[in-house]
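Asker: Could you have a look at this structure, given as structure tokens, before my questions?
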Amino acid sequence: MGDPHTDPAEQAETVIERLETEYPDSTISLRYSNRLELLIAVILSAQCTDARVNAETEHLFETYRSAHDYANAPQEELAEALSSINFYNNKASYIREACEIIVEEHDGEVPDTMDDLTDLPGVGRKTANVVLQHGHDVVEGIVVDTHVQRLTRRLGITTEERPEAIEQDLLDIVPEGYWVQFTHLLIDHGRAVCTARNPDCSACVLADVCPSEKGDGEIDLASGDRWD
Ligand code: SF4
């Protein structure tokens, strides 16, 4: 077990500092060239890796170019085009319905407010935050995905469990200038070192400040269980 700062804000500051050095080019890994592609890619990325989404959208974005195209695509055709993605049937429905609303209520443009975005089917606060940040340059929250959820708990930055509650905690803890980058840094570290099942604490730059660091039968604060 490492020796964490007792103040979550200081802990977050140290985490940011160390991870910035470790991952200087950290950024969003979904590929897109406009706001609509970004929205589609983020909807598809729920419970699916960004690499898989990128492989699929390479062809998808050549076929479907506007919200009108998705809204008018037959359900079976769009589902078939997404068949390598988890929950492709549901996601195809969400995308078609969301694009129908975008065409009918937003002149075919991806909306730029949290309320309008979260009114779209398949779009929760996490997806809306990504689209606002990277599509509209509007930063009003922190994206809490599965990596951010796991690492902030492991690192003792929050004890909340639900993503929405974790985000509210983080908004008071993480300096506003880092609200976007904090997510990318934790995602990079979660993929490279602090993986869900088998984090490599011996190679971790945060080991000395991490209360979950695997030492003498310590507890994984993300799950509350002892490490195997
Ligand atoms: S890899 Fe280990 S030491 Fe590093 S953040 Fe994850 S649990 Fe903590």
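Following the order of the structure tokens, first chain is A, next is B, and so on, with residues numbered from 1 inside each chain and ligands from 1 in the order they appear.
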Contacts between ligand 1 and chain A, please, where a residue of chain A counts if it comes within 6 Å (with only C-alpha atoms and all ligand atoms); show its shortest atom pair and distance in Å to one decimal, rows by chain and ascending number, as CSV.
Answerer:
```
residue,atom,partner,partner_atom_place_in_ligand_line,distance
A:Arg154,CA,ligand 1,7 (S),5.8
A:Leu155,CA,ligand 1,5 (S),6.0
A:Val193,CA,ligand 1,1 (S),5.4
A:Cys194,CA,ligand 1,1 (S),3.9
A:Pro199,CA,ligand 1,1 (S),4.6
A:Asp200,CA,ligand 1,1 (S),4.9
A:Cys201,CA,ligand 1,2 (Fe),3.6
A:Cys204,CA,ligand 1,4 (Fe),4.5
A:Leu206,CA,ligand 1,4 (Fe),5.1
A:Ala207,CA,ligand 1,3 (S),3.7
A:Cys210,CA,ligand 1,8 (Fe),4.6
A:Ser212,CA,ligand 1,7 (S),4.9
A:Glu213,CA,ligand 1,3 (S),4.0
```
Asker: Hey, can you spit out that residue selection with C-alpha atoms as a short mmCIF file (atom, residue, chain, number, x, y, z; two decimals), in the first residue's frame?
Answerer:
```
data_model
loop_
_atom_site.label_atom_id
_atom_site.label_comp_id
_atom_site.auth_asym_id
_atom_site.auth_seq_id
_atom_site.Cartn_x
_atom_site.Cartn_y
_atom_site.Cartn_z
CA ARG A 154 -8.47 2.75 -6.37
CA LEU A 155 -6.48 5.91 -5.84
CA VAL A 193 -0.96 -0.35 -16.28
CA CYS A 194 -3.93 -0.20 -13.91
CA PRO A 199 -2.98 -4.04 -12.50
CA ASP A 200 0.80 -3.98 -12.72
CA CYS A 201 1.51 -2.11 -9.47
CA CYS A 204 3.12 1.96 -11.72
CA LEU A 206 1.56 6.07 -8.70
CA ALA A 207 2.45 3.08 -6.50
CA CYS A 210 -1.85 4.55 -4.14
CA SER A 212 -4.77 0.08 -3.37
CA GLU A 213 -1.20 -0.77 -4.31
#
```
Asker: Do you know which residues are at most 10 Å from A:His134 counting only C-alpha atoms, after dropping those on the same chain fewer than 4 positions away, and could you put them as a VMD selection string?
Answerer: chain A and resid 28 34 to 35 38 to 39 129 to 130 138 to 139 180
Asker: Output the selection as a CSV table (one decimal), in the first residue's frame - C-alpha atoms for each residue.
Answerer:
```
chain,number,residue,atom,x,y,z
A,28,ILE,CA,-9.4,10.9,-27.1
A,34,ASN,CA,-17.1,16.0,-37.5
A,35,ARG,CA,-19.6,16.3,-34.6
A,38,LEU,CA,-18.1,11.9,-32.9
A,39,LEU,CA,-21.6,11.4,-31.5
A,129,ASN,CA,-19.8,15.5,-22.0
A,130,VAL,CA,-17.5,13.9,-24.6
A,138,VAL,CA,-17.7,23.3,-24.2
A,139,VAL,CA,-16.4,22.0,-20.9
A,180,VAL,CA,-10.8,17.2,-20.0
```
Asker: Skip A:Asp25 itself and residues of its chain fewer than 4 positions away, then list as a PyMOL selection string all residues within 12 Å of it, counting only C-alpha atoms.
Answerer: chain A and resi 19-21+29+181+184-185+188
Asker: Can you list, as a VMD selection string, all residues belonging to stretch 106-224 of chain A that DSSP tags as helix (DSSP H, G or I)?
Answerer: chain A and resid 114 to 118 125 to 136 146 to 154 163 to 173 176 to 178 181 to 192 201 to 203 207 to 209
Asker: Calculated over only C-alpha atoms, which of the candidates A:Thr183, A:Thr152, A:Ser202, A:Asn54 has the smallest distance to A:Ala41?
Answerer: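 Using only C-alpha atoms, the shortest distance to A:Ala41 belongs to A:Asn54.
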Asker: If you count only C-alpha atoms, which residues fall within 10 Å of A:Leu60, apart from same-chain ones fewer than 2 positions away, as a list in words?
Answerer: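 Near A:Leu60, the qualifying residues are Glu37, Ile40, Asn54, Ala55, Glu56, Thr57, Glu58, Glu62, Thr63, Tyr64, Arg65, Leu78, Ala81 and Leu82 of chain A.
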Asker: What would the file look like if the residues just selected were written as a compact mmCIF listing (two decimals), in the first residue's frame with N, CA and C atoms?
Answerer:
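Final output, saved to selection_26.txt:
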```
# COMPACT_ATOMS: atom_id res chain seq x y z
N GLU A 37 -20.06 12.39 -36.51
CA GLU A 37 -19.24 11.18 -36.39
C GLU A 37 -18.81 10.96 -34.94
N ILE A 40 -21.82 9.55 -33.01
CA ILE A 40 -22.05 8.14 -33.37
C ILE A 40 -20.98 7.26 -32.72
N ASN A 54 -13.36 2.11 -33.84
CA ASN A 54 -12.63 2.75 -34.93
C ASN A 54 -12.57 1.86 -36.17
N ALA A 55 -12.40 0.55 -35.95
CA ALA A 55 -12.33 -0.38 -37.09
C ALA A 55 -13.66 -0.38 -37.84
N GLU A 56 -14.76 -0.30 -37.09
CA GLU A 56 -16.09 -0.36 -37.70
C GLU A 56 -16.48 0.96 -38.35
N THR A 57 -16.17 2.06 -37.69
CA THR A 57 -16.63 3.36 -38.22
C THR A 57 -15.87 3.79 -39.48
N GLU A 58 -14.71 3.21 -39.71
CA GLU A 58 -13.95 3.55 -40.92
C GLU A 58 -14.85 3.36 -42.16
N GLU A 62 -18.15 6.21 -44.30
CA GLU A 62 -18.13 6.40 -45.76
C GLU A 62 -19.53 6.23 -46.33
N THR A 63 -20.30 5.35 -45.67
CA THR A 63 -21.65 5.06 -46.17
C THR A 63 -22.67 6.09 -45.70
N TYR A 64 -22.61 6.43 -44.43
CA TYR A 64 -23.60 7.35 -43.84
C TYR A 64 -22.89 8.67 -43.52
N ARG A 65 -23.36 9.74 -44.13
CA ARG A 65 -22.64 11.01 -43.98
C ARG A 65 -23.41 12.09 -43.25
N LEU A 78 -28.71 -0.90 -40.91
CA LEU A 78 -27.75 -0.22 -40.02
C LEU A 78 -27.20 -1.22 -39.00
N ALA A 81 -24.54 -3.24 -40.52
CA ALA A 81 -23.30 -2.48 -40.70
C ALA A 81 -22.52 -2.36 -39.39
N LEU A 82 -23.20 -2.61 -38.25
CA LEU A 82 -22.56 -2.45 -36.93
C LEU A 82 -22.33 -3.80 -36.24
```
Asker: Considering only strand (DSSP E) as DSSP defines it on the backbone, what residues of chain A qualify? List them as a PyMOL selection string.
Answerer: chain A and resi 219-220+225-226
Asker: Deliver the residues from the most recent selection as a file, using N, CA and C atoms, as a PDB file, in the first residue's frame.
Answerer:
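The result, stored in again-v8.pdb:
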```
ATOM      1  N   ILE A 219      -6.374  -4.188  -0.140  1.00  0.00           N
ATOM      2  CA  ILE A 219      -7.704  -4.208  -0.752  1.00  0.00           C
ATOM      3  C   ILE A 219      -7.724  -3.334  -2.004  1.00  0.00           C
ATOM      4  N   ASP A 220      -8.415  -3.831  -3.026  1.00  0.00           N
ATOM      5  CA  ASP A 220      -8.673  -3.035  -4.219  1.00  0.00           C
ATOM      6  C   ASP A 220      -9.856  -2.125  -3.886  1.00  0.00           C
ATOM      7  N   ASP A 225     -12.696  -5.551  -2.627  1.00  0.00           N
ATOM      8  CA  ASP A 225     -12.213  -6.918  -2.365  1.00  0.00           C
ATOM      9  C   ASP A 225     -10.707  -6.946  -2.171  1.00  0.00           C
ATOM     10  N   ARG A 226     -10.234  -7.995  -1.465  1.00  0.00           N
ATOM     11  CA  ARG A 226      -8.785  -8.188  -1.380  1.00  0.00           C
ATOM     12  C   ARG A 226      -8.264  -8.645  -2.725  1.00  0.00           C
TER      13      ARG A 226
END
```
Asker: So that I can check the surroundings of A:Leu170, please list as a PyMOL selection string every protein, DNA and RNA residue that reaches within 10 Å of it, counting only C-alpha atoms and ignoring chain neighbours fewer than 3 positions away.
Answerer: chain A and resi 8-9+12+141-144+152+157-158+164-167+173-176+179+182
Asker: Would you mind telling me which residue in A:Val110, A:Ser45, A:Gln168, A:Ala222 lies nearest to A:Gly156 when using only C-alpha atoms?
Answerer: A:Ala222
Asker: Name the residues in contact with A:Val53 at a cut-off of 9 Å, using only C-alpha atoms, excluding same-chain residues fewer than 5 positions from it; report them as a PyMOL selection string.
Answerer: chain A and resi 30-31+41-42+44-45+48+58+84-85
Asker: Write the residues of the selection above to a file with N, CA and C atoms, as a short mmCIF file (atom, residue, chain, number, x, y, z; two decimals), in the first residue's frame.
Answerer:
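And here's out-v9.cif as it stands now:
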```cif
data_model
loop_
_atom_site.label_atom_id
_atom_site.label_comp_id
_atom_site.auth_asym_id
_atom_site.auth_seq_id
_atom_site.Cartn_x
_atom_site.Cartn_y
_atom_site.Cartn_z
N LEU A 30 -11.01 7.83 -30.00
CA LEU A 30 -12.00 7.56 -31.06
C LEU A 30 -11.67 8.41 -32.27
N ARG A 31 -11.87 7.84 -33.48
CA ARG A 31 -11.61 8.61 -34.70
C ARG A 31 -12.91 9.19 -35.24
N ALA A 41 -19.72 7.68 -32.82
CA ALA A 41 -18.62 6.87 -32.27
C ALA A 41 -18.77 6.71 -30.76
N VAL A 42 -19.18 7.78 -30.07
CA VAL A 42 -19.30 7.67 -28.60
C VAL A 42 -20.48 6.77 -28.23
N LEU A 44 -21.49 4.27 -29.94
CA LEU A 44 -21.04 2.90 -30.22
C LEU A 44 -20.03 2.39 -29.20
N SER A 45 -19.33 3.32 -28.53
CA SER A 45 -18.24 2.89 -27.65
C SER A 45 -18.71 2.37 -26.29
N CYS A 48 -17.66 -1.22 -25.29
CA CYS A 48 -16.94 -1.72 -26.46
C CYS A 48 -15.62 -0.95 -26.53
N GLU A 58 -14.71 3.21 -39.71
CA GLU A 58 -13.95 3.55 -40.92
C GLU A 58 -14.85 3.36 -42.16
N SER A 84 -20.24 -6.00 -35.68
CA SER A 84 -19.09 -6.45 -34.87
C SER A 84 -19.04 -5.71 -33.52
N ILE A 85 -20.01 -4.84 -33.28
CA ILE A 85 -20.02 -4.02 -32.05
C ILE A 85 -21.03 -4.62 -31.05
#
```
Asker: Between A:Ile102, A:Leu221, A:Met114, A:Val209, which one has atoms that come closest to A:Gln11, using only C-alpha atoms?
Answerer: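 So, comparing all the options, the nearest one is A:Val209.
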